[in-house]
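Remarks on the structure that follows.
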Amino acid sequence: MIALEKRPQPSTIWVYLAPLLAVVLTMIVGGILFAALGKNPISVISAIFYEPLFGEFAFYYRPQLLVKAAPLILIAIGLSFGFRAGVWNIGAEGQYIVGAITGAAVGLALYPAETRLIFPLMVVAGALGGWAWGMIPGLLKVKFGANEILVSLMLVYVAEQLVAAMALGPLRSPEGRGFPGSRNLSQWASSANPELMAGTGVHWGVVAALIAVIFAYITLSRHIFGFQVRLTGQSPRAARFAGVNPGRMVLACMGISGALAGLAGLFEVTGPSGQITIDFNVGYGFTAIIVAFLGRLHPVGILLAGGLMALTYIGGEIAQSNLGLPGAAVQLLQGMLLFFLLAVDVMTNYRLRVGTREVA
Amino acid sequence: MNLSAIDPILLLASLMVAATPIMLAAIGELVVERAGVLNLGVEGMMITGAVTGFVAATTTGSPWLGFVSAACGGALLSLVFGVLTQFLLSNQVATGLALTLFGLGLSALMGQGYIGIKAPAFPDWHVPLLGDIPVIGPIVFQHDPMVYVGLLIVLGVWAFLKFTQAGLVLRAVGENHDAAHALGYHVRRVRILAILFGGACAGLGGAYLSLVRVPQWTEGMTAGAGWIALAIVVFASWKPERLVLGAYLFGGVTVLQLNLQAAGVAVPVEILSMSPYLATIAVLVIMSAGRAPGSLGRIFHAAR
């Protein structure tokens, strides 16, 4: 008879071991899946996890990794505050889109002025846009008790329609010969978010992601707000007795995650993507949820998890072009990773007790 | 703009068709939540059902076999959720989200060779006598059989929860799992069965999209229908009889906005396409007073 016994305290070893074990299990089961698809599992796994870092063309892929990891980390850091406190913002994808729209709109309104002040202004507008979009589910939760999971998610679909409307209407480039899509912001010096050091892939979004990690680390470990977030997550009742206002906590968590997601969108639209298009968003907001959990909701963990998830994106593209692996297989791999993490995580809070059950 | 192009009878008839996939998925989730489990993976199970149903129906040529395989596919995927949350005691919100992300990837992979193919025809069922009644006949009694199967499932769930002992046990498990456990009920077994039922229903709902409503397979074709189903359960205050109303209300909004788009109303298409999601938010704001089952979303661990 095998039974689970609750640990008095979460196991420190398993906190670190669980994500590693989850990655190994994902590689094994993923390998079986690739074999079933008629691919050589070893070469696919090495294409995904090895090639981008140490392969022949790594000099080209490494900067790409930073470009992909930055939005994931930025969004996941924001989500981790809410997830710790039991505030479930699932709509980061929508906040990412709206941040890009508001930021781009402010920039385009000032076109074609030539001053470097425009970019910082756009950054502020992007963060505010994401913040405002995140406040909608927050306020509806606090004022009316509406479920923030469902409202924030519904707003993703609304934002997707909004970006399509913007690309076709108000933000459409007058020089685009009628094609949908805005002016290219990365080609206009005042709004561009360029590579800061040639060949490294580091743009302002990468810098912002690193600042967010440090900021989150200090807040969670040293600031009273971080303490309140952790307390609310572990025991909402105790938090209330300690003077934490639950409504304000919801608004703060939704606001932080919304603003960071909006920032991620702004850095994307001014840099790697360059313009507002109908299919601007590529699912960073959803993948960031995996990143947040894989990183154990801890800033440093999220930094590493963001890197790993970027690796699966870039490696997946390599496997796609070199080995003909279907693109959806990577998405499946990412979902699998989260499953295995959640499964293995049982060992963090419980221990196995093997033996016969005593009769009371 | 040509509003007279909208035929009210046709509008009401297509409302029933538009409501069916959401209703199927929602009734399954209602049972799951009444058992005290919050499965946010409805969207993932729905789209997996959509692709398995489509693949099975196009290879065998039988839509019925498609629906059966879709139910099995949805249930199989929900079993992953069941094992993780009930035996490995994982967080239900996170696991449900993982199920959705996984299901979206899985369905895209499975459906690769099936894009652009048409589903085998699923003929409408002209109910004898009743179908001949003017006005009401074409609206209510001239649909494909799954519309009625969906309503029968809702009726069955209503009767099950209200009149049977097993239904009472399921509600007890959902209201207070510790008390139910102390009374000797098998909390995990009840919940696993409820989760499987929910998965099967979501699978059916998905297959209805790919086999009847669209009827084609495209990636991400559920487009939030699973999440809307979750909202309808809240709207229904966890009561089957109100769930039908909710599903038809949403079917109505969906159909109306499609008709307005076709009629060329002077409102941007994107605003109209937003309306089902905005309606969902409005409903969640207005209808948040319902009382959720007591143990909803809580982890059950029989400590000794």
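Numbering starts fresh at 1 for the residues of each chain in the structure tokens, the chains themselves are lettered A, B, ... in the order given, and ligands are numbered from 1 as they appear.
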Contact residues (chain A, partner chain B, 6 Å, only C-alpha atoms) as number ranges by chain: A: 144-146, 151, 154, 158, 161, 165, 328, 331-332, 335, 342-343, 346
Nearby residues (only C-alpha atoms) at most 10 Å from region 208-225 of chain A, same-chain spacing under 6 positions excluded, as a count of residues only: 26
Glu114 (chain A) environment, 10 Å, only C-alpha atoms, sequence neighbours closer than 2 positions dropped, as a PyMOL selection string: chain A and resi 110-112+116-118+188-191
With C-alpha atoms retained, could you export that selection as a compact mmCIF listing (two decimals), in the first residue's frame?
```txt
# COMPACT_ATOMS: atom_id res chain seq x y z
CA LEU A 110 3.71 61.98 -33.47
CA TYR A 111 5.00 60.67 -36.81
CA PRO A 112 7.32 61.84 -38.40
CA ARG A 116 14.44 60.31 -29.08
CA LEU A 117 11.85 61.43 -26.53
CA ILE A 118 9.14 59.63 -28.47
CA TRP A 188 11.65 55.02 -37.81
CA ALA A 189 14.54 56.23 -35.65
CA SER A 190 12.31 57.96 -33.08
CA SER A 191 10.34 54.83 -32.24
```
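CA of Leu171 (chain A) is found 22.8 Å from CA of Gly205 (chain A).
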Selection: 9 Å around Gly86 (chain A), only C-alpha atoms, excl. self and same-chain fewer than 5 positions, as a PyMOL selection string: chain A and resi 81+229+232-234+236+250
Write out the residues from the selection above, keeping N, CA and C atoms, as a short mmCIF file (atom, residue, chain, number, x, y, z; two decimals), in the first residue's frame.
```cif
data_model
loop_
_atom_site.label_atom_id
_atom_site.label_comp_id
_atom_site.auth_asym_id
_atom_site.auth_seq_id
_atom_site.Cartn_x
_atom_site.Cartn_y
_atom_site.Cartn_z
N PHE A 81 3.34 37.41 -9.45
CA PHE A 81 2.79 38.09 -8.27
C PHE A 81 1.36 37.62 -8.03
N VAL A 229 1.87 39.62 -0.48
CA VAL A 229 1.52 38.75 -1.60
C VAL A 229 1.68 37.29 -1.18
N THR A 232 -1.02 36.32 1.44
CA THR A 232 -2.35 36.15 0.86
C THR A 232 -2.47 34.79 0.18
N GLY A 233 -1.40 34.38 -0.50
CA GLY A 233 -1.43 33.11 -1.19
C GLY A 233 -1.49 31.93 -0.24
N GLN A 234 -0.75 32.03 0.86
CA GLN A 234 -0.68 30.88 1.76
C GLN A 234 -1.88 30.83 2.69
N PRO A 236 -5.32 33.32 3.06
CA PRO A 236 -6.06 34.57 2.87
C PRO A 236 -6.62 35.12 4.18
N VAL A 250 -5.94 42.33 -5.21
CA VAL A 250 -6.35 41.92 -6.57
C VAL A 250 -5.95 42.98 -7.57
#
```
Those of region 65-297 of chain A in DSSP alpha helix (DSSP H), formatted as a ChimeraX atom specification: /A:65-85,92-109,118-144,148-168,204-222,224-234,236-241,246-270,284-294
All residues 10 Å or closer to region 48-61 of chain B, only C-alpha atoms, same chain fewer than 2 positions away omitted, as a ChimeraX atom specification: /B:42-46,63-77,100,102-114,117-121,199-211,215-222
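You will find CA of Leu296 (chain B) at 6.4 Å from CA of Glu33 (chain B).
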Selection near Phe286 (chain A), 9 Å with only C-alpha atoms, sequence-local residues under 5 positions removed, as a PyMOL selection string: (chain A and resi 90-93) or (chain B and resi 101)
